$ cat protein39.cif   # mmCIF, N, CA and C atoms
data_input
#
loop_
_atom_site.group_PDB
_atom_site.id
_atom_site.type_symbol
_atom_site.label_atom_id
_atom_site.label_comp_id
_atom_site.auth_asym_id
_atom_site.auth_seq_id
_atom_site.Cartn_x
_atom_site.Cartn_y
_atom_site.Cartn_z
ATOM 1 N N MET A 10 129.677 75.277 113.532
ATOM 2 C CA MET A 10 129.328 75.926 114.782
ATOM 3 C C MET A 10 129.002 77.394 114.548
ATOM 4 N N THR A 11 128.014 77.839 115.212
ATOM 5 C CA THR A 11 127.662 79.253 115.083
ATOM 6 C C THR A 11 128.397 80.066 116.146
ATOM 7 N N THR A 12 128.329 81.350 116.013
ATOM 8 C CA THR A 12 128.968 82.241 116.988
ATOM 9 C C THR A 12 128.367 82.052 118.367
ATOM 10 N N ASP A 13 127.058 81.831 118.460
ATOM 11 C CA ASP A 13 126.395 81.622 119.750
ATOM 12 C C ASP A 13 126.914 80.370 120.440
ATOM 13 N N THR A 14 127.136 79.301 119.697
ATOM 14 C CA THR A 14 127.630 78.059 120.282
ATOM 15 C C THR A 14 129.040 78.244 120.821
ATOM 16 N N ILE A 15 129.877 78.931 120.095
ATOM 17 C CA ILE A 15 131.254 79.162 120.528
ATOM 18 C C ILE A 15 131.267 80.008 121.798
ATOM 19 N N ALA A 16 130.443 81.010 121.864
ATOM 20 C CA ALA A 16 130.410 81.886 123.034
ATOM 21 C C ALA A 16 129.992 81.125 124.281
ATOM 22 N N HIS A 17 129.124 80.153 124.155
ATOM 23 C CA HIS A 17 128.640 79.417 125.320
ATOM 24 C C HIS A 17 129.585 78.308 125.768
ATOM 25 N N THR A 18 130.504 77.892 124.917
ATOM 26 C CA THR A 18 131.397 76.801 125.286
ATOM 27 C C THR A 18 132.721 77.293 125.855
ATOM 28 N N ARG A 19 132.991 78.578 125.793
ATOM 29 C CA ARG A 19 134.228 79.114 126.355
ATOM 30 C C ARG A 19 134.187 79.072 127.869
ATOM 31 N N GLU A 20 135.352 78.869 128.457
ATOM 32 C CA GLU A 20 135.478 78.899 129.917
ATOM 33 C C GLU A 20 135.373 80.345 130.385
ATOM 34 N N PRO A 21 134.734 80.577 131.525
ATOM 35 C CA PRO A 21 134.677 81.956 132.034
ATOM 36 C C PRO A 21 136.067 82.433 132.418
ATOM 37 N N THR A 22 136.292 83.712 132.275
ATOM 38 C CA THR A 22 137.590 84.263 132.641
ATOM 39 C C THR A 22 137.730 84.266 134.157
ATOM 40 N N ARG A 23 138.941 84.129 134.597
ATOM 41 C CA ARG A 23 139.215 84.105 136.030
ATOM 42 C C ARG A 23 139.022 85.498 136.622
ATOM 43 N N SER A 24 138.320 85.562 137.729
ATOM 44 C CA SER A 24 138.082 86.871 138.344
ATOM 45 C C SER A 24 139.354 87.369 139.020
ATOM 46 N N ARG A 25 139.482 88.675 139.062
ATOM 47 C CA ARG A 25 140.644 89.283 139.677
ATOM 48 C C ARG A 25 140.349 89.574 141.144
ATOM 49 N N ALA A 26 141.376 89.553 141.950
ATOM 50 C CA ALA A 26 141.237 89.835 143.381
ATOM 51 C C ALA A 26 140.820 91.287 143.580
ATOM 52 N N VAL A 27 139.970 91.500 144.561
ATOM 53 C CA VAL A 27 139.513 92.853 144.863
ATOM 54 C C VAL A 27 140.534 93.569 145.744
ATOM 55 N N PHE A 28 141.100 92.850 146.711
ATOM 56 C CA PHE A 28 142.067 93.436 147.635
ATOM 57 C C PHE A 28 143.434 92.815 147.422
ATOM 58 N N SER A 29 144.471 93.602 147.591
ATOM 59 C CA SER A 29 145.838 93.077 147.539
ATOM 60 C C SER A 29 146.220 92.598 148.937
ATOM 61 N N GLN A 30 147.341 91.905 149.034
ATOM 62 C CA GLN A 30 147.822 91.447 150.340
ATOM 63 C C GLN A 30 148.090 92.629 151.257
ATOM 64 N N GLU A 31 148.600 93.712 150.704
ATOM 65 C CA GLU A 31 148.865 94.913 151.495
ATOM 66 C C GLU A 31 147.556 95.502 152.036
ATOM 67 N N ASP A 32 146.501 95.441 151.235
ATOM 68 C CA ASP A 32 145.198 95.943 151.676
ATOM 69 C C ASP A 32 144.705 95.200 152.911
ATOM 70 N N PHE A 33 144.893 93.888 152.947
ATOM 71 C CA PHE A 33 144.451 93.112 154.105
ATOM 72 C C PHE A 33 145.160 93.570 155.374
ATOM 73 N N GLY A 34 146.440 93.876 155.259
ATOM 74 C CA GLY A 34 147.180 94.379 156.414
ATOM 75 C C GLY A 34 146.657 95.730 156.886
ATOM 76 N N LEU A 35 146.345 96.607 155.926
ATOM 77 C CA LEU A 35 145.804 97.920 156.276
ATOM 78 C C LEU A 35 144.425 97.799 156.930
ATOM 79 N N ILE A 36 143.583 96.940 156.385
ATOM 80 C CA ILE A 36 142.249 96.734 156.954
ATOM 81 C C ILE A 36 142.367 96.153 158.358
ATOM 82 N N ARG A 37 143.280 95.228 158.532
ATOM 83 C CA ARG A 37 143.469 94.602 159.849
ATOM 84 C C ARG A 37 143.929 95.645 160.876
ATOM 85 N N THR A 38 144.823 96.546 160.469
ATOM 86 C CA THR A 38 145.277 97.615 161.363
ATOM 87 C C THR A 38 144.117 98.541 161.734
ATOM 88 N N ALA A 39 143.289 98.883 160.763
ATOM 89 C CA ALA A 39 142.137 99.746 161.026
ATOM 90 C C ALA A 39 141.152 99.075 161.978
ATOM 91 N N ILE A 40 140.942 97.787 161.809
ATOM 92 C CA ILE A 40 140.021 97.064 162.695
ATOM 93 C C ILE A 40 140.598 96.979 164.102
ATOM 94 N N ALA A 41 141.908 96.794 164.218
ATOM 95 C CA ALA A 41 142.537 96.756 165.542
ATOM 96 C C ALA A 41 142.324 98.088 166.266
ATOM 97 N N HIS A 42 142.454 99.174 165.536
ATOM 98 C CA HIS A 42 142.216 100.496 166.135
ATOM 99 C C HIS A 42 140.749 100.631 166.560
ATOM 100 N N TYR A 43 139.842 100.213 165.700
ATOM 101 C CA TYR A 43 138.415 100.312 166.006
ATOM 102 C C TYR A 43 138.034 99.412 167.185
ATOM 103 N N LEU A 44 138.679 98.283 167.299
ATOM 104 C CA LEU A 44 138.406 97.372 168.428
ATOM 105 C C LEU A 44 138.656 98.058 169.766
ATOM 106 N N ARG A 45 139.692 98.884 169.823
ATOM 107 C CA ARG A 45 139.965 99.615 171.065
ATOM 108 C C ARG A 45 138.853 100.612 171.376
ATOM 109 N N GLU A 46 138.222 101.149 170.339
ATOM 110 C CA GLU A 46 137.136 102.119 170.519
ATOM 111 C C GLU A 46 135.848 101.459 171.023
ATOM 112 N N VAL A 47 135.591 100.227 170.598
ATOM 113 C CA VAL A 47 134.312 99.566 170.920
ATOM 114 C C VAL A 47 134.495 98.365 171.848
ATOM 115 N N GLN A 48 135.583 98.307 172.565
ATOM 116 C CA GLN A 48 135.921 97.119 173.346
ATOM 117 C C GLN A 48 134.869 96.736 174.387
ATOM 118 N N ASP A 49 134.097 97.671 174.868
ATOM 119 C CA ASP A 49 133.095 97.363 175.893
ATOM 120 C C ASP A 49 131.700 97.155 175.313
ATOM 121 N N GLN A 50 131.579 97.155 174.002
ATOM 122 C CA GLN A 50 130.276 96.985 173.361
ATOM 123 C C GLN A 50 130.125 95.570 172.824
ATOM 124 N N PRO A 51 128.896 95.063 172.777
ATOM 125 C CA PRO A 51 128.672 93.691 172.300
ATOM 126 C C PRO A 51 129.178 93.432 170.881
ATOM 127 N N GLU A 52 129.157 94.444 170.021
ATOM 128 C CA GLU A 52 129.598 94.241 168.646
ATOM 129 C C GLU A 52 131.105 94.013 168.527
ATOM 130 N N SER A 53 131.851 94.270 169.591
ATOM 131 C CA SER A 53 133.304 94.102 169.533
ATOM 132 C C SER A 53 133.698 92.657 169.247
ATOM 133 N N VAL A 54 132.878 91.699 169.630
ATOM 134 C CA VAL A 54 133.166 90.280 169.366
ATOM 135 C C VAL A 54 133.211 90.026 167.859
ATOM 136 N N LYS A 55 132.286 90.618 167.128
ATOM 137 C CA LYS A 55 132.258 90.440 165.667
ATOM 138 C C LYS A 55 133.523 91.009 165.027
ATOM 139 N N TYR A 56 133.953 92.174 165.511
ATOM 140 C CA TYR A 56 135.167 92.786 164.968
ATOM 141 C C TYR A 56 136.420 92.006 165.358
ATOM 142 N N ALA A 57 136.430 91.437 166.545
ATOM 143 C CA ALA A 57 137.572 90.615 166.969
ATOM 144 C C ALA A 57 137.676 89.373 166.088
ATOM 145 N N ASN A 58 136.534 88.769 165.773
ATOM 146 C CA ASN A 58 136.543 87.595 164.892
ATOM 147 C C ASN A 58 137.015 87.961 163.494
ATOM 148 N N LEU A 59 136.563 89.097 162.990
ATOM 149 C CA LEU A 59 137.002 89.559 161.680
ATOM 150 C C LEU A 59 138.508 89.830 161.675
ATOM 151 N N TYR A 60 139.000 90.433 162.729
ATOM 152 C CA TYR A 60 140.434 90.716 162.855
ATOM 153 C C TYR A 60 141.245 89.428 162.757
ATOM 154 N N HIS A 61 140.813 88.390 163.434
ATOM 155 C CA HIS A 61 141.542 87.124 163.401
ATOM 156 C C HIS A 61 141.429 86.427 162.054
ATOM 157 N N ARG A 62 140.264 86.519 161.415
ATOM 158 C CA ARG A 62 140.124 85.927 160.076
ATOM 159 C C ARG A 62 141.042 86.616 159.083
ATOM 160 N N LEU A 63 141.145 87.933 159.171
ATOM 161 C CA LEU A 63 142.038 88.664 158.271
ATOM 162 C C LEU A 63 143.496 88.308 158.531
ATOM 163 N N GLY A 64 143.827 87.941 159.734
ATOM 164 C CA GLY A 64 145.193 87.528 160.057
ATOM 165 C C GLY A 64 145.595 86.256 159.324
ATOM 166 N N ARG A 65 144.627 85.407 159.050
ATOM 167 C CA ARG A 65 144.916 84.176 158.314
ATOM 168 C C ARG A 65 145.122 84.458 156.845
ATOM 169 N N VAL A 66 144.526 85.531 156.324
ATOM 170 C CA VAL A 66 144.640 85.857 154.915
ATOM 171 C C VAL A 66 145.953 86.592 154.613
ATOM 172 N N ALA A 67 146.285 87.537 155.470
ATOM 173 C CA ALA A 67 147.452 88.391 155.207
ATOM 174 C C ALA A 67 148.756 87.713 155.503
#

$ encode --input "protein39.cif" --output "structure tokens"
Amino acid sequence: MTTDTIAHTREPTRSRAVFSQEDFGLIRTAIAHYLREVQDQPESVKYANLYHRLGRVA
């Protein structure tokens, strides 16, 4: 086997998480604050959905 063959048969390394569990809580708190600022605007629905999705992760 050549070096090229060995390099192509290795399993890819597992990717590391970008955010920690604590980060999700901080982001969720920031979005909750922002939701109060934009509550009467149409985009608030998107932020409310994001807030709830983050609740399932954290």

$ axis_aligned_box --input "protein39.cif" --around "stretch 37-48 of chain A" --padding-each-side "3 Å" --output "AutoDock Vina command-line options"
--center_x 139.8 --center_y 98.4 --center_z 166.5 --size_x 17.0 --size_y 13.5 --size_z 21.9

$ residues_around --input "protein39.cif" --residues "A:Ala57" --least-positions-apart "5" --cutoff "9 Å" --atoms "only C-alpha atoms" --output "list of chain:residue names"
A:Ile40, A:Ala41, A:Leu44, A:Glu52, A:Arg62

$ atom_distance --input "protein39.cif" --atom1 "atom CA of A:Tyr43" --atom2 "atom CA of A:Arg25"
28.6 Å

$ atom_distance --input "protein39.cif" --atom1 "atom CA of A:Arg65" --atom2 "atom CA of A:Arg45"
20.6 Å

$ closest_residue --input "protein39.cif" --among "A:Arg19, A:His61, A:Ala26, A:Gln50" --to "A:Thr38" --atoms "only C-alpha atoms"
A:His61

$ closest_residue --input "protein39.cif" --among "A:Pro21, A:Arg37, A:Ser29, A:His42" --to "A:Leu59" --atoms "only N, CA and C atoms"
A:Arg37

$ atom_distance --input "protein39.cif" --atom1 "atom C of A:Ser53" --atom2 "atom CA of A:Val27"
25.1 Å

$ select_by_dssp --input "protein39.cif" --residues "chain A" --states "alpha helix (DSSP H)" --output "PDB file with N, CA and C atoms, in the frame of the given file"
ATOM      1  N   THR A  12     128.329  81.350 116.013  1.00  0.00           N
ATOM      2  CA  THR A  12     128.968  82.241 116.988  1.00  0.00           C
ATOM      3  C   THR A  12     128.367  82.052 118.367  1.00  0.00           C
ATOM      4  N   ASP A  13     127.058  81.831 118.460  1.00  0.00           N
ATOM      5  CA  ASP A  13     126.395  81.622 119.750  1.00  0.00           C
ATOM      6  C   ASP A  13     126.914  80.370 120.440  1.00  0.00           C
ATOM      7  N   THR A  14     127.136  79.301 119.697  1.00  0.00           N
ATOM      8  CA  THR A  14     127.630  78.059 120.282  1.00  0.00           C
ATOM      9  C   THR A  14     129.040  78.244 120.821  1.00  0.00           C
ATOM     10  N   ILE A  15     129.877  78.931 120.095  1.00  0.00           N
ATOM     11  CA  ILE A  15     131.254  79.162 120.528  1.00  0.00           C
ATOM     12  C   ILE A  15     131.267  80.008 121.798  1.00  0.00           C
ATOM     13  N   ALA A  16     130.443  81.010 121.864  1.00  0.00           N
ATOM     14  CA  ALA A  16     130.410  81.886 123.034  1.00  0.00           C
ATOM     15  C   ALA A  16     129.992  81.125 124.281  1.00  0.00           C
ATOM     16  N   HIS A  17     129.124  80.153 124.155  1.00  0.00           N
ATOM     17  CA  HIS A  17     128.640  79.417 125.320  1.00  0.00           C
ATOM     18  C   HIS A  17     129.585  78.308 125.768  1.00  0.00           C
ATOM     19  N   THR A  18     130.504  77.892 124.917  1.00  0.00           N
ATOM     20  CA  THR A  18     131.397  76.801 125.286  1.00  0.00           C
ATOM     21  C   THR A  18     132.721  77.293 125.855  1.00  0.00           C
ATOM     22  N   GLN A  30     147.341  91.905 149.034  1.00  0.00           N
ATOM     23  CA  GLN A  30     147.822  91.447 150.340  1.00  0.00           C
ATOM     24  C   GLN A  30     148.090  92.629 151.257  1.00  0.00           C
ATOM     25  N   GLU A  31     148.600  93.712 150.704  1.00  0.00           N
ATOM     26  CA  GLU A  31     148.865  94.913 151.495  1.00  0.00           C
ATOM     27  C   GLU A  31     147.556  95.502 152.036  1.00  0.00           C
ATOM     28  N   ASP A  32     146.501  95.441 151.235  1.00  0.00           N
ATOM     29  CA  ASP A  32     145.198  95.943 151.676  1.00  0.00           C
ATOM     30  C   ASP A  32     144.705  95.200 152.911  1.00  0.00           C
ATOM     31  N   PHE A  33     144.893  93.888 152.947  1.00  0.00           N
ATOM     32  CA  PHE A  33     144.451  93.112 154.105  1.00  0.00           C
ATOM     33  C   PHE A  33     145.160  93.570 155.374  1.00  0.00           C
ATOM     34  N   GLY A  34     146.440  93.876 155.259  1.00  0.00           N
ATOM     35  CA  GLY A  34     147.180  94.379 156.414  1.00  0.00           C
ATOM     36  C   GLY A  34     146.657  95.730 156.886  1.00  0.00           C
ATOM     37  N   LEU A  35     146.345  96.607 155.926  1.00  0.00           N
ATOM     38  CA  LEU A  35     145.804  97.920 156.276  1.00  0.00           C
ATOM     39  C   LEU A  35     144.425  97.799 156.930  1.00  0.00           C
ATOM     40  N   ILE A  36     143.583  96.940 156.385  1.00  0.00           N
ATOM     41  CA  ILE A  36     142.249  96.734 156.954  1.00  0.00           C
ATOM     42  C   ILE A  36     142.367  96.153 158.358  1.00  0.00           C
ATOM     43  N   ARG A  37     143.280  95.228 158.532  1.00  0.00           N
ATOM     44  CA  ARG A  37     143.469  94.602 159.849  1.00  0.00           C
ATOM     45  C   ARG A  37     143.929  95.645 160.876  1.00  0.00           C
ATOM     46  N   THR A  38     144.823  96.546 160.469  1.00  0.00           N
ATOM     47  CA  THR A  38     145.277  97.615 161.363  1.00  0.00           C
ATOM     48  C   THR A  38     144.117  98.541 161.734  1.00  0.00           C
ATOM     49  N   ALA A  39     143.289  98.883 160.763  1.00  0.00           N
ATOM     50  CA  ALA A  39     142.137  99.746 161.026  1.00  0.00           C
ATOM     51  C   ALA A  39     141.152  99.075 161.978  1.00  0.00           C
ATOM     52  N   ILE A  40     140.942  97.787 161.809  1.00  0.00           N
ATOM     53  CA  ILE A  40     140.021  97.064 162.695  1.00  0.00           C
ATOM     54  C   ILE A  40     140.598  96.979 164.102  1.00  0.00           C
ATOM     55  N   ALA A  41     141.908  96.794 164.218  1.00  0.00           N
ATOM     56  CA  ALA A  41     142.537  96.756 165.542  1.00  0.00           C
ATOM     57  C   ALA A  41     142.324  98.088 166.266  1.00  0.00           C
ATOM     58  N   HIS A  42     142.454  99.174 165.536  1.00  0.00           N
ATOM     59  CA  HIS A  42     142.216 100.496 166.135  1.00  0.00           C
ATOM     60  C   HIS A  42     140.749 100.631 166.560  1.00  0.00           C
ATOM     61  N   TYR A  43     139.842 100.213 165.700  1.00  0.00           N
ATOM     62  CA  TYR A  43     138.415 100.312 166.006  1.00  0.00           C
ATOM     63  C   TYR A  43     138.034  99.412 167.185  1.00  0.00           C
ATOM     64  N   LEU A  44     138.679  98.283 167.299  1.00  0.00           N
ATOM     65  CA  LEU A  44     138.406  97.372 168.428  1.00  0.00           C
ATOM     66  C   LEU A  44     138.656  98.058 169.766  1.00  0.00           C
ATOM     67  N   ARG A  45     139.692  98.884 169.823  1.00  0.00           N
ATOM     68  CA  ARG A  45     139.965  99.615 171.065  1.00  0.00           C
ATOM     69  C   ARG A  45     138.853 100.612 171.376  1.00  0.00           C
ATOM     70  N   GLU A  46     138.222 101.149 170.339  1.00  0.00           N
ATOM     71  CA  GLU A  46     137.136 102.119 170.519  1.00  0.00           C
ATOM     72  C   GLU A  46     135.848 101.459 171.023  1.00  0.00           C
ATOM     73  N   SER A  53     131.851  94.270 169.591  1.00  0.00           N
ATOM     74  CA  SER A  53     133.304  94.102 169.533  1.00  0.00           C
ATOM     75  C   SER A  53     133.698  92.657 169.247  1.00  0.00           C
ATOM     76  N   VAL A  54     132.878  91.699 169.630  1.00  0.00           N
ATOM     77  CA  VAL A  54     133.166  90.280 169.366  1.00  0.00           C
ATOM     78  C   VAL A  54     133.211  90.026 167.859  1.00  0.00           C
ATOM     79  N   LYS A  55     132.286  90.618 167.128  1.00  0.00           N
ATOM     80  CA  LYS A  55     132.258  90.440 165.667  1.00  0.00           C
ATOM     81  C   LYS A  55     133.523  91.009 165.027  1.00  0.00           C
ATOM     82  N   TYR A  56     133.953  92.174 165.511  1.00  0.00           N
ATOM     83  CA  TYR A  56     135.167  92.786 164.968  1.00  0.00           C
ATOM     84  C   TYR A  56     136.420  92.006 165.358  1.00  0.00           C
ATOM     85  N   ALA A  57     136.430  91.437 166.545  1.00  0.00           N
ATOM     86  CA  ALA A  57     137.572  90.615 166.969  1.00  0.00           C
ATOM     87  C   ALA A  57     137.676  89.373 166.088  1.00  0.00           C
ATOM     88  N   ASN A  58     136.534  88.769 165.773  1.00  0.00           N
ATOM     89  CA  ASN A  58     136.543  87.595 164.892  1.00  0.00           C
ATOM     90  C   ASN A  58     137.015  87.961 163.494  1.00  0.00           C
ATOM     91  N   LEU A  59     136.563  89.097 162.990  1.00  0.00           N
ATOM     92  CA  LEU A  59     137.002  89.559 161.680  1.00  0.00           C
ATOM     93  C   LEU A  59     138.508  89.830 161.675  1.00  0.00           C
ATOM     94  N   TYR A  60     139.000  90.433 162.729  1.00  0.00           N
ATOM     95  CA  TYR A  60     140.434  90.716 162.855  1.00  0.00           C
ATOM     96  C   TYR A  60     141.245  89.428 162.757  1.00  0.00           C
ATOM     97  N   HIS A  61     140.813  88.390 163.434  1.00  0.00           N
ATOM     98  CA  HIS A  61     141.542  87.124 163.401  1.00  0.00           C
ATOM     99  C   HIS A  61     141.429  86.427 162.054  1.00  0.00           C
ATOM    100  N   ARG A  62     140.264  86.519 161.415  1.00  0.00           N
ATOM    101  CA  ARG A  62     140.124  85.927 160.076  1.00  0.00           C
ATOM    102  C   ARG A  62     141.042  86.616 159.083  1.00  0.00           C
ATOM    103  N   LEU A  63     141.145  87.933 159.171  1.00  0.00           N
ATOM    104  CA  LEU A  63     142.038  88.664 158.271  1.00  0.00           C
ATOM    105  C   LEU A  63     143.496  88.308 158.531  1.00  0.00           C
ATOM    106  N   GLY A  64     143.827  87.941 159.734  1.00  0.00           N
ATOM    107  CA  GLY A  64     145.193  87.528 160.057  1.00  0.00           C
ATOM    108  C   GLY A  64     145.595  86.256 159.324  1.00  0.00           C
ATOM    109  N   ARG A  65     144.627  85.407 159.050  1.00  0.00           N
ATOM    110  CA  ARG A  65     144.916  84.176 158.314  1.00  0.00           C
ATOM    111  C   ARG A  65     145.122  84.458 156.845  1.00  0.00           C
ATOM    112  N   VAL A  66     144.526  85.531 156.324  1.00  0.00           N
ATOM    113  CA  VAL A  66     144.640  85.857 154.915  1.00  0.00           C
ATOM    114  C   VAL A  66     145.953  86.592 154.613  1.00  0.00           C
TER     115      VAL A  66
END

$ closest_residue --input "protein39.cif" --among "A:Gly64, A:Gln48, A:Glu20, A:Asn58" --to "A:Gly34" --atoms "only C-alpha atoms"
A:Gly64

$ decode --input "protein39.cif" --residues "chain A" --atoms "C-alpha atoms" --output "PDB file, in the first residue's frame"
ATOM      1  CA  MET A  10       0.000   0.000   0.000  1.00  0.00           C
ATOM      2  CA  THR A  11       1.204   3.449  -0.770  1.00  0.00           C
ATOM      3  CA  THR A  12       0.894   6.475   1.468  1.00  0.00           C
ATOM      4  CA  ASP A  13      -1.907   7.845  -0.749  1.00  0.00           C
ATOM      5  CA  THR A  14      -3.970   4.671  -0.328  1.00  0.00           C
ATOM      6  CA  ILE A  15      -3.604   4.722   3.450  1.00  0.00           C
ATOM      7  CA  ALA A  16      -4.620   8.375   3.647  1.00  0.00           C
ATOM      8  CA  HIS A  17      -7.818   7.728   1.694  1.00  0.00           C
ATOM      9  CA  THR A  18      -8.911   4.703   3.720  1.00  0.00           C
ATOM     10  CA  ARG A  19      -8.749   6.368   7.141  1.00  0.00           C
ATOM     11  CA  GLU A  20     -11.991   7.371   8.809  1.00  0.00           C
ATOM     12  CA  PRO A  21     -12.507  11.131   9.070  1.00  0.00           C
ATOM     13  CA  THR A  22     -11.935  12.568  12.502  1.00  0.00           C
ATOM     14  CA  ARG A  23     -14.988  13.442  14.518  1.00  0.00           C
ATOM     15  CA  SER A  24     -15.820  17.129  14.420  1.00  0.00           C
ATOM     16  CA  ARG A  25     -15.854  19.066  17.645  1.00  0.00           C
ATOM     17  CA  ALA A  26     -18.889  20.971  18.883  1.00  0.00           C
ATOM     18  CA  VAL A  27     -18.879  24.679  18.157  1.00  0.00           C
ATOM     19  CA  PHE A  28     -21.024  25.667  21.150  1.00  0.00           C
ATOM     20  CA  SER A  29     -21.016  24.274  24.674  1.00  0.00           C
ATOM     21  CA  GLN A  30     -24.205  23.532  26.602  1.00  0.00           C
ATOM     22  CA  GLU A  31     -23.637  26.718  28.590  1.00  0.00           C
ATOM     23  CA  ASP A  32     -23.415  28.695  25.338  1.00  0.00           C
ATOM     24  CA  PHE A  33     -26.881  27.516  24.304  1.00  0.00           C
ATOM     25  CA  GLY A  34     -28.299  28.844  27.560  1.00  0.00           C
ATOM     26  CA  LEU A  35     -26.601  32.207  27.056  1.00  0.00           C
ATOM     27  CA  ILE A  36     -27.824  32.464  23.458  1.00  0.00           C
ATOM     28  CA  ARG A  37     -31.343  31.542  24.547  1.00  0.00           C
ATOM     29  CA  THR A  38     -31.283  34.281  27.216  1.00  0.00           C
ATOM     30  CA  ALA A  39     -30.087  36.835  24.655  1.00  0.00           C
ATOM     31  CA  ILE A  40     -32.839  35.836  22.229  1.00  0.00           C
ATOM     32  CA  ALA A  41     -35.458  36.102  24.987  1.00  0.00           C
ATOM     33  CA  HIS A  42     -34.296  39.659  25.650  1.00  0.00           C
ATOM     34  CA  TYR A  43     -34.351  40.497  21.936  1.00  0.00           C
ATOM     35  CA  LEU A  44     -37.844  39.016  21.584  1.00  0.00           C
ATOM     36  CA  ARG A  45     -39.138  41.648  23.994  1.00  0.00           C
ATOM     37  CA  GLU A  46     -37.580  44.346  21.790  1.00  0.00           C
ATOM     38  CA  VAL A  47     -39.161  43.106  18.531  1.00  0.00           C
ATOM     39  CA  GLN A  48     -42.395  41.604  19.850  1.00  0.00           C
ATOM     40  CA  ASP A  49     -44.619  43.692  17.563  1.00  0.00           C
ATOM     41  CA  GLN A  50     -42.599  43.057  14.397  1.00  0.00           C
ATOM     42  CA  PRO A  51     -43.186  40.214  11.923  1.00  0.00           C
ATOM     43  CA  GLU A  52     -39.660  38.856  12.412  1.00  0.00           C
ATOM     44  CA  SER A  53     -40.428  38.095  16.069  1.00  0.00           C
ATOM     45  CA  VAL A  54     -42.018  34.777  15.007  1.00  0.00           C
ATOM     46  CA  LYS A  55     -38.671  33.573  13.636  1.00  0.00           C
ATOM     47  CA  TYR A  56     -36.917  34.482  16.884  1.00  0.00           C
ATOM     48  CA  ALA A  57     -39.629  32.814  18.972  1.00  0.00           C
ATOM     49  CA  ASN A  58     -39.174  29.609  16.967  1.00  0.00           C
ATOM     50  CA  LEU A  59     -35.411  29.787  17.406  1.00  0.00           C
ATOM     51  CA  TYR A  60     -35.854  30.337  21.148  1.00  0.00           C
ATOM     52  CA  HIS A  61     -37.945  27.180  21.441  1.00  0.00           C
ATOM     53  CA  ARG A  62     -35.559  25.112  19.314  1.00  0.00           C
ATOM     54  CA  LEU A  63     -32.665  26.156  21.538  1.00  0.00           C
ATOM     55  CA  GLY A  64     -34.700  25.076  24.559  1.00  0.00           C
ATOM     56  CA  ARG A  65     -34.675  21.524  23.247  1.00  0.00           C
ATOM     57  CA  VAL A  66     -30.891  21.580  22.887  1.00  0.00           C
ATOM     58  CA  ALA A  67     -29.937  23.105  26.230  1.00  0.00           C
TER      59      ALA A  67
END
